[in-house]
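J.: I'm passing along coords-v8.cif; it holds mmCIF, C-alpha atoms.
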```
data_upload
loop_
_atom_site.group_PDB
_atom_site.id
_atom_site.type_symbol
_atom_site.label_atom_id
_atom_site.label_comp_id
_atom_site.auth_asym_id
_atom_site.auth_seq_id
_atom_site.Cartn_x
_atom_site.Cartn_y
_atom_site.Cartn_z
ATOM 1 C CA MET A 1 0.000 0.000 0.000
ATOM 2 C CA ASP A 2 1.065 3.597 -0.534
ATOM 3 C CA ALA A 3 2.826 4.872 2.579
ATOM 4 C CA GLY A 4 0.710 8.048 2.649
ATOM 5 C CA HIS A 5 1.187 11.761 2.414
ATOM 6 C CA GLU A 6 2.861 14.382 4.588
ATOM 7 C CA GLU A 7 -0.453 15.501 6.027
ATOM 8 C CA PRO A 8 -2.786 14.704 8.918
ATOM 9 C CA GLY A 9 -5.979 12.776 8.384
ATOM 10 C CA PRO A 10 -6.894 9.406 6.863
ATOM 11 C CA LEU A 11 -4.382 9.551 3.993
ATOM 12 C CA GLY A 12 -1.448 10.820 6.061
ATOM 13 C CA HIS A 13 1.489 8.480 6.601
ATOM 14 C CA VAL A 14 1.228 8.480 10.409
ATOM 15 C CA ARG A 15 -2.452 7.476 10.308
ATOM 16 C CA ARG A 16 -1.830 4.789 7.683
ATOM 17 C CA TRP A 17 1.053 3.339 9.688
ATOM 18 C CA TRP A 18 -1.094 3.117 12.806
ATOM 19 C CA MET A 19 -4.068 1.688 10.960
ATOM 20 C CA ALA A 20 -1.968 -0.943 9.212
ATOM 21 C CA HIS A 21 -0.954 -2.406 12.569
ATOM 22 C CA LEU A 22 -4.463 -2.362 14.069
ATOM 23 C CA LEU A 23 -6.408 -3.272 10.949
ATOM 24 C CA GLY A 24 -3.750 -5.933 10.373
ATOM 25 C CA ALA A 25 -5.140 -7.963 13.257
ATOM 26 C CA VAL A 26 -8.621 -7.822 11.710
ATOM 27 C CA LEU A 27 -7.181 -8.956 8.374
ATOM 28 C CA VAL A 28 -5.438 -11.861 10.108
ATOM 29 C CA ALA A 29 -8.767 -12.954 11.607
ATOM 30 C CA VAL A 30 -10.790 -12.485 8.419
ATOM 31 C CA PHE A 31 -8.396 -14.283 6.073
ATOM 32 C CA ALA A 32 -6.979 -16.950 8.409
ATOM 33 C CA ASN A 33 -6.427 -20.068 6.316
ATOM 34 C CA SER A 34 -3.695 -22.219 7.879
ATOM 35 C CA PRO A 35 -5.179 -24.231 10.764
ATOM 36 C CA VAL A 36 -3.235 -27.432 10.070
ATOM 37 C CA SER A 37 0.427 -28.376 10.394
ATOM 38 C CA ALA A 38 1.911 -31.816 9.763
ATOM 39 C CA GLY A 39 -1.595 -33.038 8.937
ATOM 40 C CA ARG A 40 -3.142 -32.074 12.273
ATOM 41 C CA PRO A 41 -5.005 -28.988 13.561
ATOM 42 C CA THR A 42 -2.768 -26.760 15.644
ATOM 43 C CA GLY A 43 -5.510 -25.001 17.604
ATOM 44 C CA TRP A 44 -4.766 -21.794 15.671
ATOM 45 C CA LEU A 45 -6.712 -20.668 12.624
ATOM 46 C CA SER A 46 -3.602 -18.948 11.252
ATOM 47 C CA THR A 47 -0.688 -21.192 12.121
ATOM 48 C CA ARG A 48 1.389 -19.143 9.712
ATOM 49 C CA GLN A 49 0.930 -16.095 11.934
ATOM 50 C CA LEU A 50 1.719 -18.197 15.007
ATOM 51 C CA ARG A 51 5.028 -19.241 13.460
ATOM 52 C CA TRP A 52 5.980 -15.634 12.724
ATOM 53 C CA ALA A 53 5.201 -14.687 16.320
ATOM 54 C CA GLN A 54 7.336 -17.583 17.561
ATOM 55 C CA ILE A 55 10.340 -16.335 15.598
ATOM 56 C CA GLY A 56 10.497 -13.414 18.001
ATOM 57 C CA ALA A 57 10.093 -9.651 18.058
ATOM 58 C CA GLY A 58 13.650 -8.884 16.986
ATOM 59 C CA ARG A 59 13.392 -10.664 13.646
ATOM 60 C CA ALA A 60 9.649 -10.784 12.927
ATOM 61 C CA GLY A 61 8.132 -8.089 15.134
ATOM 62 C CA ALA A 62 6.988 -4.553 14.506
ATOM 63 C CA PRO A 63 8.439 -1.450 16.158
ATOM 64 C CA ALA A 64 6.500 0.203 18.922
ATOM 65 C CA LEU A 65 3.763 2.477 17.592
ATOM 66 C CA ASP A 66 4.278 6.178 18.182
ATOM 67 C CA ALA A 67 3.793 9.461 16.366
ATOM 68 C CA ASP A 68 7.078 9.126 14.475
ATOM 69 C CA PRO A 69 6.930 6.019 12.226
ATOM 70 C CA ARG A 70 10.215 6.812 10.502
ATOM 71 C CA GLY A 71 12.100 7.171 13.762
ATOM 72 C CA ALA A 72 10.444 4.085 15.242
ATOM 73 C CA TRP A 73 11.417 1.988 12.234
ATOM 74 C CA ALA A 74 14.991 3.308 12.251
ATOM 75 C CA ARG A 75 15.383 2.454 15.937
ATOM 76 C CA HIS A 76 13.870 -0.978 15.349
ATOM 77 C CA VAL A 77 16.312 -1.698 12.520
ATOM 78 C CA LEU A 78 19.301 -0.600 14.600
ATOM 79 C CA ASP A 79 18.249 -2.649 17.618
ATOM 80 C CA ALA A 80 17.371 -5.803 15.660
ATOM 81 C CA PRO A 81 19.820 -8.714 15.852
ATOM 82 C CA VAL A 82 22.312 -9.119 13.041
ATOM 83 C CA MET A 83 21.682 -12.399 11.228
ATOM 84 C CA CYS A 84 25.202 -12.738 9.841
ATOM 85 C CA VAL A 85 28.350 -10.874 8.885
ATOM 86 C CA ARG A 86 29.079 -11.542 5.236
ATOM 87 C CA ARG A 87 32.515 -11.894 3.689
ATOM 88 C CA ASP A 88 33.654 -10.922 0.208
ATOM 89 C CA ASP A 89 36.042 -13.856 -0.069
ATOM 90 C CA ASP A 90 35.234 -17.557 0.068
ATOM 91 C CA GLY A 91 35.502 -17.744 3.834
ATOM 92 C CA PRO A 92 32.572 -18.634 6.087
ATOM 93 C CA TRP A 93 30.101 -15.961 7.085
ATOM 94 C CA GLU A 94 30.092 -15.222 10.789
ATOM 95 C CA VAL A 95 26.905 -15.647 12.834
ATOM 96 C CA PRO A 96 27.271 -13.438 15.895
ATOM 97 C CA GLU A 97 25.176 -13.913 19.011
ATOM 98 C CA ASP A 98 23.289 -11.013 20.591
ATOM 99 C CA LEU A 99 24.753 -8.447 18.220
ATOM 100 C CA SER A 100 22.414 -5.664 17.142
ATOM 101 C CA PHE A 101 23.253 -3.486 14.189
ATOM 102 C CA ARG A 102 23.579 -0.534 16.591
ATOM 103 C CA HIS A 103 26.207 -2.380 18.633
ATOM 104 C CA TRP A 104 27.956 -3.453 15.459
ATOM 105 C CA THR A 105 28.389 0.165 14.392
ATOM 106 C CA HIS A 106 29.828 0.999 17.813
ATOM 107 C CA ARG A 107 32.143 -2.008 18.130
ATOM 108 C CA ARG A 108 33.193 -2.120 14.458
ATOM 109 C CA SER A 109 33.968 -5.778 14.999
ATOM 110 C CA PRO A 110 34.397 -8.364 13.499
ATOM 111 C CA ARG A 111 34.731 -5.591 10.901
ATOM 112 C CA ALA A 112 33.170 -2.196 10.360
ATOM 113 C CA PRO A 113 29.663 -2.411 8.835
ATOM 114 C CA THR A 114 28.964 -0.817 5.465
ATOM 115 C CA ARG A 115 25.873 0.627 3.790
ATOM 116 C CA ASP A 116 25.514 -2.684 1.931
ATOM 117 C CA ASP A 117 25.489 -4.452 5.301
ATOM 118 C CA LEU A 118 22.687 -2.182 6.481
ATOM 119 C CA ASP A 119 20.687 -2.790 3.313
ATOM 120 C CA TYR A 120 21.139 -6.546 3.701
ATOM 121 C CA HIS A 121 20.255 -6.382 7.401
ATOM 122 C CA VAL A 122 16.892 -4.770 6.576
ATOM 123 C CA THR A 123 16.070 -7.668 4.232
ATOM 124 C CA THR A 124 16.433 -10.100 7.150
ATOM 125 C CA LEU A 125 13.633 -8.409 9.113
ATOM 126 C CA PHE A 126 10.065 -9.623 8.597
ATOM 127 C CA PRO A 127 7.602 -7.434 10.533
ATOM 128 C CA PRO A 128 3.898 -7.734 9.686
ATOM 129 C CA VAL A 129 4.051 -4.240 8.141
ATOM 130 C CA ARG A 130 7.349 -3.581 6.380
ATOM 131 C CA PRO A 131 8.093 -0.046 5.125
ATOM 132 C CA ARG A 132 9.836 -0.077 1.769
ATOM 133 C CA GLY A 133 8.883 3.340 0.446
ATOM 134 C CA HIS A 134 5.425 1.801 0.497
ATOM 135 C CA LEU A 135 3.811 -0.358 3.191
ATOM 136 C CA GLU A 136 4.195 -4.062 2.596
ATOM 137 C CA LEU A 137 1.389 -5.863 4.462
ATOM 138 C CA ARG A 138 2.601 -9.345 5.321
ATOM 139 C CA MET A 139 -0.027 -10.702 7.700
ATOM 140 C CA MET A 140 -2.638 -12.419 5.515
ATOM 141 C CA ASP A 141 -2.711 -16.113 4.668
ATOM 142 C CA ALA A 142 -2.984 -17.214 1.047
ATOM 143 C CA GLN A 143 -6.613 -17.684 0.034
ATOM 144 C CA PRO A 144 -8.276 -20.625 -1.716
ATOM 145 C CA GLY A 145 -8.933 -20.519 -5.439
ATOM 146 C CA GLU A 146 -7.059 -18.903 -8.323
ATOM 147 C CA ASP A 147 -8.752 -15.542 -7.682
ATOM 148 C CA GLY A 148 -8.693 -15.767 -3.885
ATOM 149 C CA TRP A 149 -6.083 -13.021 -3.618
ATOM 150 C CA THR A 150 -8.450 -10.458 -5.161
ATOM 151 C CA VAL A 151 -10.712 -10.157 -2.118
ATOM 152 C CA PRO A 152 -8.032 -9.186 0.444
ATOM 153 C CA LEU A 153 -6.488 -6.867 -2.136
ATOM 154 C CA ALA A 154 -9.794 -5.136 -2.888
ATOM 155 C CA VAL A 155 -10.822 -4.788 0.752
ATOM 156 C CA THR A 156 -7.447 -3.497 1.886
ATOM 157 C CA ALA A 157 -7.123 -1.035 -0.996
ATOM 158 C CA ALA A 158 -10.609 0.351 -0.348
ATOM 159 C CA LEU A 159 -9.994 0.794 3.371
ATOM 160 C CA PHE A 160 -6.699 2.601 2.818
ATOM 161 C CA ASP A 161 -7.289 4.618 -0.332
ATOM 162 C CA ASP A 162 -10.891 5.819 -0.100
ATOM 163 C CA PRO A 163 -10.924 8.718 2.411
ATOM 164 C CA ALA A 164 -14.392 7.931 3.791
ATOM 165 C CA ALA A 165 -13.666 4.215 4.137
ATOM 166 C CA ALA A 166 -10.252 4.948 5.673
ATOM 167 C CA GLU A 167 -11.833 7.180 8.304
ATOM 168 C CA THR A 168 -14.465 4.536 9.106
ATOM 169 C CA ALA A 169 -11.844 1.796 9.340
ATOM 170 C CA TYR A 170 -9.582 3.877 11.579
ATOM 171 C CA ARG A 171 -12.401 4.745 13.975
ATOM 172 C CA THR A 172 -13.441 1.094 14.024
ATOM 173 C CA VAL A 173 -10.053 -0.410 14.797
ATOM 174 C CA LYS A 174 -8.716 2.338 17.062
ATOM 175 C CA PRO A 175 -10.402 0.886 20.205
ATOM 176 C CA LEU A 176 -8.616 -2.417 19.521
ATOM 177 C CA ALA A 177 -5.362 -0.723 20.566
ATOM 178 C CA GLU A 178 -6.298 -1.339 24.203
ATOM 179 C CA ARG A 179 -6.011 -5.067 23.606
ATOM 180 C CA THR A 180 -2.390 -4.797 22.519
ATOM 181 C CA ARG A 181 -1.387 -3.820 26.084
ATOM 182 C CA GLY A 182 1.233 -1.578 24.544
ATOM 183 C CA LEU A 183 3.072 -4.504 22.950
ATOM 184 C CA ALA A 184 4.133 -4.521 19.319
ATOM 185 C CA ALA A 185 2.574 -6.793 16.708
ATOM 186 C CA PRO A 186 2.410 -9.712 16.338
ATOM 187 C CA GLN A 187 3.592 -10.468 19.872
ATOM 188 C CA ASN A 188 0.577 -8.958 21.604
ATOM 189 C CA PRO A 189 -2.805 -10.269 22.802
ATOM 190 C CA LEU A 190 -4.791 -8.696 19.957
ATOM 191 C CA TRP A 191 -2.783 -10.370 17.213
ATOM 192 C CA ARG A 192 -2.624 -13.616 19.185
ATOM 193 C CA ASP A 193 -6.414 -13.729 19.512
ATOM 194 C CA ALA A 194 -6.856 -12.907 15.822
ATOM 195 C CA ALA A 195 -4.527 -15.702 14.711
ATOM 196 C CA ARG A 196 -5.915 -18.258 17.141
ATOM 197 C CA ASP A 197 -9.646 -17.517 17.176
ATOM 198 C CA GLY A 198 -10.346 -15.615 13.947
ATOM 199 C CA LEU A 199 -13.838 -14.153 13.764
ATOM 200 C CA ALA A 200 -15.028 -16.283 16.662
ATOM 201 C CA ASP A 201 -13.732 -13.298 18.627
ATOM 202 C CA PRO A 202 -16.821 -11.022 18.921
ATOM 203 C CA GLU A 203 -14.915 -7.737 18.825
ATOM 204 C CA LEU A 204 -12.906 -8.732 15.770
ATOM 205 C CA ARG A 205 -16.066 -10.002 14.065
ATOM 206 C CA GLU A 206 -17.822 -6.686 14.665
ATOM 207 C CA ALA A 207 -14.840 -4.728 13.372
ATOM 208 C CA ALA A 208 -14.649 -6.943 10.290
ATOM 209 C CA ALA A 209 -18.336 -6.420 9.536
ATOM 210 C CA VAL A 210 -17.997 -2.634 9.696
ATOM 211 C CA CYS A 211 -14.826 -2.658 7.588
ATOM 212 C CA PHE A 212 -16.342 -4.883 4.904
ATOM 213 C CA ALA A 213 -19.410 -2.646 4.722
ATOM 214 C CA ALA A 214 -17.161 0.397 4.297
ATOM 215 C CA ALA A 215 -15.088 -1.369 1.640
ATOM 216 C CA LEU A 216 -18.149 -2.446 -0.331
ATOM 217 C CA ASP A 217 -19.435 1.108 -0.246
ATOM 218 C CA ALA A 218 -16.070 2.482 -1.387
ATOM 219 C CA LEU A 219 -15.136 0.027 -4.151
ATOM 220 C CA PRO A 220 -17.501 1.491 -6.798
ATOM 221 C CA ARG A 221 -16.108 4.963 -6.046
ATOM 222 C CA LEU A 222 -12.621 3.600 -6.722
ATOM 223 C CA GLY A 223 -13.729 2.197 -10.088
ATOM 224 C CA ALA A 224 -13.851 -1.481 -9.096
ATOM 225 C CA ALA A 225 -15.575 -3.781 -11.574
ATOM 226 C CA THR A 226 -18.968 -5.176 -10.613
ATOM 227 C CA ALA A 227 -17.581 -8.719 -10.636
ATOM 228 C CA LEU A 228 -14.969 -7.776 -8.036
ATOM 229 C CA VAL A 229 -17.524 -6.036 -5.815
ATOM 230 C CA ASP A 230 -19.734 -9.126 -6.057
ATOM 231 C CA ARG A 231 -16.805 -11.340 -5.084
ATOM 232 C CA VAL A 232 -16.142 -9.244 -1.977
ATOM 233 C CA ALA A 233 -19.842 -9.316 -1.071
ATOM 234 C CA ALA A 234 -19.931 -13.090 -1.489
ATOM 235 C CA PHE A 235 -16.922 -13.451 0.826
ATOM 236 C CA ARG A 236 -18.622 -11.233 3.390
ATOM 237 C CA ASP A 237 -21.812 -13.281 3.259
ATOM 238 C CA ARG A 238 -20.013 -16.620 3.411
ATOM 239 C CA TYR A 239 -17.529 -15.784 6.128
ATOM 240 C CA VAL A 240 -17.695 -12.400 7.873
ATOM 241 C CA ALA A 241 -21.466 -12.379 8.403
ATOM 242 C CA ARG A 242 -21.271 -15.879 9.877
ATOM 243 C CA GLY A 243 -18.233 -15.290 12.063
ATOM 244 C CA ARG A 244 -16.134 -17.687 9.983
ATOM 245 C CA CYS A 245 -12.953 -17.589 7.923
ATOM 246 C CA PRO A 246 -11.491 -19.913 5.262
ATOM 247 C CA ALA A 247 -9.668 -21.870 7.962
ATOM 248 C CA ASP A 248 -13.038 -23.014 9.301
ATOM 249 C CA ASP A 249 -13.752 -24.698 5.960
ATOM 250 C CA LEU A 250 -10.450 -26.561 6.198
ATOM 251 C CA LEU A 251 -11.225 -27.694 9.734
ATOM 252 C CA ASP A 252 -14.675 -28.878 8.633
ATOM 253 C CA ALA A 253 -12.983 -30.885 5.874
ATOM 254 C CA TRP A 254 -10.457 -32.307 8.344
ATOM 255 C CA ARG A 255 -13.209 -33.420 10.714
ATOM 256 C CA ALA A 256 -15.151 -35.004 7.871
ATOM 257 C CA LEU A 257 -12.082 -36.881 6.665
ATOM 258 C CA HIS A 258 -11.357 -38.125 10.144
ATOM 259 C CA ASP A 259 -14.940 -39.062 10.913
ATOM 260 C CA GLY A 260 -14.863 -37.469 14.342
ATOM 261 C CA ARG A 261 -11.838 -39.451 15.519
ATOM 262 C CA PRO A 262 -9.567 -37.076 17.455
ATOM 263 C CA ASP A 263 -6.501 -39.255 16.811
ATOM 264 C CA GLY A 264 -7.102 -39.140 13.060
ATOM 265 C CA SER A 265 -6.416 -42.858 12.693
ATOM 266 C CA GLY A 266 -7.067 -44.479 9.354
ATOM 267 C CA ALA A 267 -7.943 -41.259 7.497
ATOM 268 C CA PRO A 268 -6.198 -39.047 4.950
ATOM 269 C CA LEU A 269 -4.275 -36.074 6.209
ATOM 270 C CA LEU A 270 -4.278 -32.475 5.085
ATOM 271 C CA THR A 271 -1.149 -31.215 3.402
ATOM 272 C CA THR A 272 -0.025 -27.728 4.267
ATOM 273 C CA HIS A 273 0.872 -25.085 1.721
ATOM 274 C CA PRO A 274 3.874 -23.048 2.944
ATOM 275 C CA HIS A 275 1.954 -19.766 2.652
ATOM 276 C CA GLY A 276 -1.193 -20.825 4.453
ATOM 277 C CA LYS A 277 -3.298 -22.838 2.016
ATOM 278 C CA ASP A 278 -4.205 -26.377 3.012
ATOM 279 C CA THR A 279 -5.748 -29.043 0.788
ATOM 280 C CA PRO A 280 -6.809 -32.670 1.347
ATOM 281 C CA SER A 281 -4.259 -35.213 0.149
#
```
For the file at hand, write its structure as C-alpha cells.

T.:
Amino acid sequence: MDAGHEEPGPLGHVRRWWMAHLLGAVLVAVFANSPVSAGRPTGWLSTRQLRWAQIGAGRAGAPALDADPRGAWARHVLDAPVMCVRRDDDGPWEVPEDLSFRHWTHRRSPRAPTRDDLDYHVTTLFPPVRPRGHLELRMMDAQPGEDGWTVPLAVTAALFDDPAAAETAYRTVKPLAERTRGLAAPQNPLWRDAARDGLADPELREAAAVCFAAALDALPRLGAATALVDRVAAFRDRYVARGRCPADDLLDAWRALHDGRPDGSGAPLLTTHPHGKDTPS
C-alpha cells in the first residue's frame, strides 16, 4: 500500500502506519487459512501467523507504535539482531550472538559495517508491516482458489485509499489498541487472539463487519468492476457475516475426513501449503 502523504488525516502516513498495525489484526482474523500443520489442527486458525510470532520480536516483530513512524522503524532496525556478517572472499560468514546493528556500528567488529550491510540487514527483518517506500502488508494467509487473492487486495485497498472508508476503518479499529497492552505486533494479545480464534472473537467479528461494509461502499467509487464487488460481497456473506474464515472450511474438511476421531487414525491427512493454504491429500 502507498505509505501516505505528509499531512494529517486518513491519507497521512502516520495514520496509515497506525491503521496498518491495528487493521492488520482484523485482516489476520478475516483471512486466516492455515489451521493445520503436519496433517493435524494446531488449535490456531492462522498457524502461519503463530510461526511468525514464535520467531520473536527482533526478527519478525513490529516497532513500537508512536507518532514518528520513521524514527520508530529506524530504531527498530538498529536494535534488531544481526543475522550474519558476510565476507567478500570464500571464507565462512560469521553468525554473531546477541549483536544488534547498533552495537555493530559501535564495536566495528568483526569488521566495520557498510551501507551494503545495512541494506542486507533490513532484508532479514520480517515485521507484519514492512516499510519499503510503500507499506508491505505481510499478515494475511494465502486464500483458496485462483482468484482468492483479489478479495483481500480489494478490501485493503478500499480501506486505505478511499478517504471515507479509511476514516471509518480507523475509527473502528482504534479501540482495539487497548487489547495490545502496549506490545508490538504480532507479539501482543490482539494479534494472538486474531490468529488463534479468527472471527469467533466477537470484537474482531464486529470490526470486520464494519470494515467490509465500508469497503463495499467504497469500491464502486474507486472504479472497481462489478464482478470484483460481487466477489467481496460473497466473501462477506459466506464468512464475515457468519463469524467464519477460510480456515473453518479446512477444519470442517479435516473433521469429515477423520470421521470425528480425534486421533485421526485411518484417514487421509491435510497437506499444508507453505503460505497458508491447506488441501486434502

J.: Give as a compact mmCIF listing (two decimals) with C-alpha atoms, keeping the file's coordinate frame the set of residues within 10 Å of the point (-5.8, 3.9, -3.3), where distances use the file's coordinates and all atoms listed in the file.

T.:
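As a result, result_11.txt now contains:
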```
# COMPACT_ATOMS: atom_id res chain seq x y z
CA MET A 1 0.00 0.00 0.00
CA ASP A 2 1.06 3.60 -0.53
CA GLY A 4 0.71 8.05 2.65
CA LEU A 11 -4.38 9.55 3.99
CA ALA A 154 -9.79 -5.14 -2.89
CA THR A 156 -7.45 -3.50 1.89
CA ALA A 157 -7.12 -1.03 -1.00
CA ALA A 158 -10.61 0.35 -0.35
CA LEU A 159 -9.99 0.79 3.37
CA PHE A 160 -6.70 2.60 2.82
CA ASP A 161 -7.29 4.62 -0.33
CA ASP A 162 -10.89 5.82 -0.10
CA PRO A 163 -10.92 8.72 2.41
CA LEU A 222 -12.62 3.60 -6.72
```

J.: Evaluate the PyMOL selection byres ((chain A and resi 212) around 10) and record the selected residues as number ranges by chain, following the chain and residue labels used in the document.

T.: A: 155-156, 158-159, 165, 169, 207-211, 213-218, 232-233, 235-236, 240-241

J.: I'd like a table as CSV: residues in region 38-64 of chain A with an atom no more than 9 Å from region 69-87 of chain A, each row giving the shortest atom pair and its distance in Å to one decimal, all atoms listed in the file counted, sorted by chain and rising residue number.

T.:
```
residue,atom,partner,partner_atom,distance
A:Ala57,CA,A:Ala80,CA,8.6
A:Gly58,CA,A:Ala80,CA,5.0
A:Arg59,CA,A:Ala80,CA,6.6
A:Ala62,CA,A:His76,CA,7.8
A:Pro63,CA,A:His76,CA,5.5
A:Ala64,CA,A:Ala72,CA,6.6
```

J.: Could you tell me which residues the PyMOL selection byres ((chain A and resi 124) around 9) grabs in this file, written as an MDAnalysis selection string?

T.: chainID A and resid 59:60 82:83 120:123 125:126

J.: Which polymer residues have any atom within 10 Å of an atom of His21 (chain A), counting all atoms listed in the file, with same-chain residues fewer than 2 positions away left out, as a ChimeraX atom specification?

T.: /A:16-19,23-27,62,65,128-129,137,139,173,177,184-186,191

J.: With all atoms listed in the file as the basis for distance, which of A:Pro152, A:Pro220, A:Pro189, A:Pro144 is at the shortest distance from Leu22 (chain A)?

T.: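 Closest residue, counting all atoms listed in the file: A:Pro189.
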
J.: CA of Gly9 (chain A) and CA of Ala164 (chain A) are how many Å apart?

T.: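 Separation of CA of Gly9 (chain A) and CA of Ala164 (chain A): 10.7 Å.
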
J.: Using only C-alpha atoms, pick whichever of A:Gly61, A:Cys245, A:Asp252, A:Asp98 has the shortest atom-to-atom distance to Asp201 (chain A).

T.: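 Looking only at the distances to Asp201 (chain A), the closest residue turns out to be A:Cys245.
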
J.: So, counting only C-alpha atoms, which residue among A:Pro92, A:Gly198, A:Gly56, A:Gly133 is closest to Asp248 (chain A)?

T.: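 Looking only at the distances to Asp248 (chain A), the closest residue turns out to be A:Gly198.
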
J.: One number please: CA of Val95 (chain A) to CA of Arg111 (chain A), in Å, one decimal.

T.: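 So the answer is 12.9 Å.
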
J.: One decimal, Å: what's the distance from CA of Asn188 (chain A) over to CA of Tyr170 (chain A), could you say?

T.: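 Calculated distance between CA of Asn188 (chain A) and CA of Tyr170 (chain A) is 19.2 Å.
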
J.: Please write the residues picked by the PyMOL selection byres ((chain A and resi 251) around 10) on this file as a VMD selection string.

T.: chain A and resid 33 to 36 40 to 41 45 246 to 250 252 to 257 270 278

J.: Next, dump the selected residues to file, keeping only C-alpha atoms, as a PDB file, keeping the file's coordinate frame.

T.:
```pdb
ATOM      1  CA  ASN A  33      -6.427 -20.068   6.316  1.00  0.00           C
ATOM      2  CA  SER A  34      -3.695 -22.219   7.879  1.00  0.00           C
ATOM      3  CA  PRO A  35      -5.179 -24.231  10.764  1.00  0.00           C
ATOM      4  CA  VAL A  36      -3.235 -27.432  10.070  1.00  0.00           C
ATOM      5  CA  ARG A  40      -3.142 -32.074  12.273  1.00  0.00           C
ATOM      6  CA  PRO A  41      -5.005 -28.988  13.561  1.00  0.00           C
ATOM      7  CA  LEU A  45      -6.712 -20.668  12.624  1.00  0.00           C
ATOM      8  CA  PRO A 246     -11.491 -19.913   5.262  1.00  0.00           C
ATOM      9  CA  ALA A 247      -9.668 -21.870   7.962  1.00  0.00           C
ATOM     10  CA  ASP A 248     -13.038 -23.014   9.301  1.00  0.00           C
ATOM     11  CA  ASP A 249     -13.752 -24.698   5.960  1.00  0.00           C
ATOM     12  CA  LEU A 250     -10.450 -26.561   6.198  1.00  0.00           C
ATOM     13  CA  ASP A 252     -14.675 -28.878   8.633  1.00  0.00           C
ATOM     14  CA  ALA A 253     -12.983 -30.885   5.874  1.00  0.00           C
ATOM     15  CA  TRP A 254     -10.457 -32.307   8.344  1.00  0.00           C
ATOM     16  CA  ARG A 255     -13.209 -33.420  10.714  1.00  0.00           C
ATOM     17  CA  ALA A 256     -15.151 -35.004   7.871  1.00  0.00           C
ATOM     18  CA  LEU A 257     -12.082 -36.881   6.665  1.00  0.00           C
ATOM     19  CA  LEU A 270      -4.278 -32.475   5.085  1.00  0.00           C
ATOM     20  CA  ASP A 278      -4.205 -26.377   3.012  1.00  0.00           C
TER      21      ASP A 278
END
```

J.: With distances taken over only C-alpha atoms, which of A:Phe101, A:Arg181, A:Ala224, A:Ala200 is nearest to Leu118 (chain A)?

T.: A:Phe101

J.: How big is the axis-aligned box around all listed atoms of region 183-192 of chain A once 8 Å goes on each side, and where's its centre, in Å to one decimal, as lines of an AutoDock Vina configuration file?

T.:
```
center_x = -0.3
center_y = -9.1
center_z = 19.6
size_x = 24.9
size_y = 25.1
size_z = 22.6
```

J.: Given the block above, output region 228-247 of chain A with C-alpha atoms as a PDB file, in the first residue's frame.

T.:
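Saved the output as result_39.pdb:
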```
ATOM      1  CA  LEU A 228     -14.969  -7.776  -8.036  1.00  0.00           C
ATOM      2  CA  VAL A 229     -17.524  -6.036  -5.815  1.00  0.00           C
ATOM      3  CA  ASP A 230     -19.734  -9.126  -6.057  1.00  0.00           C
ATOM      4  CA  ARG A 231     -16.805 -11.340  -5.084  1.00  0.00           C
ATOM      5  CA  VAL A 232     -16.142  -9.244  -1.977  1.00  0.00           C
ATOM      6  CA  ALA A 233     -19.842  -9.316  -1.071  1.00  0.00           C
ATOM      7  CA  ALA A 234     -19.931 -13.090  -1.489  1.00  0.00           C
ATOM      8  CA  PHE A 235     -16.922 -13.451   0.826  1.00  0.00           C
ATOM      9  CA  ARG A 236     -18.622 -11.233   3.390  1.00  0.00           C
ATOM     10  CA  ASP A 237     -21.812 -13.281   3.259  1.00  0.00           C
ATOM     11  CA  ARG A 238     -20.013 -16.620   3.411  1.00  0.00           C
ATOM     12  CA  TYR A 239     -17.529 -15.784   6.128  1.00  0.00           C
ATOM     13  CA  VAL A 240     -17.695 -12.400   7.873  1.00  0.00           C
ATOM     14  CA  ALA A 241     -21.466 -12.379   8.403  1.00  0.00           C
ATOM     15  CA  ARG A 242     -21.271 -15.879   9.877  1.00  0.00           C
ATOM     16  CA  GLY A 243     -18.233 -15.290  12.063  1.00  0.00           C
ATOM     17  CA  ARG A 244     -16.134 -17.687   9.983  1.00  0.00           C
ATOM     18  CA  CYS A 245     -12.953 -17.589   7.923  1.00  0.00           C
ATOM     19  CA  PRO A 246     -11.491 -19.913   5.262  1.00  0.00           C
ATOM     20  CA  ALA A 247      -9.668 -21.870   7.962  1.00  0.00           C
TER      21      ALA A 247
END
```
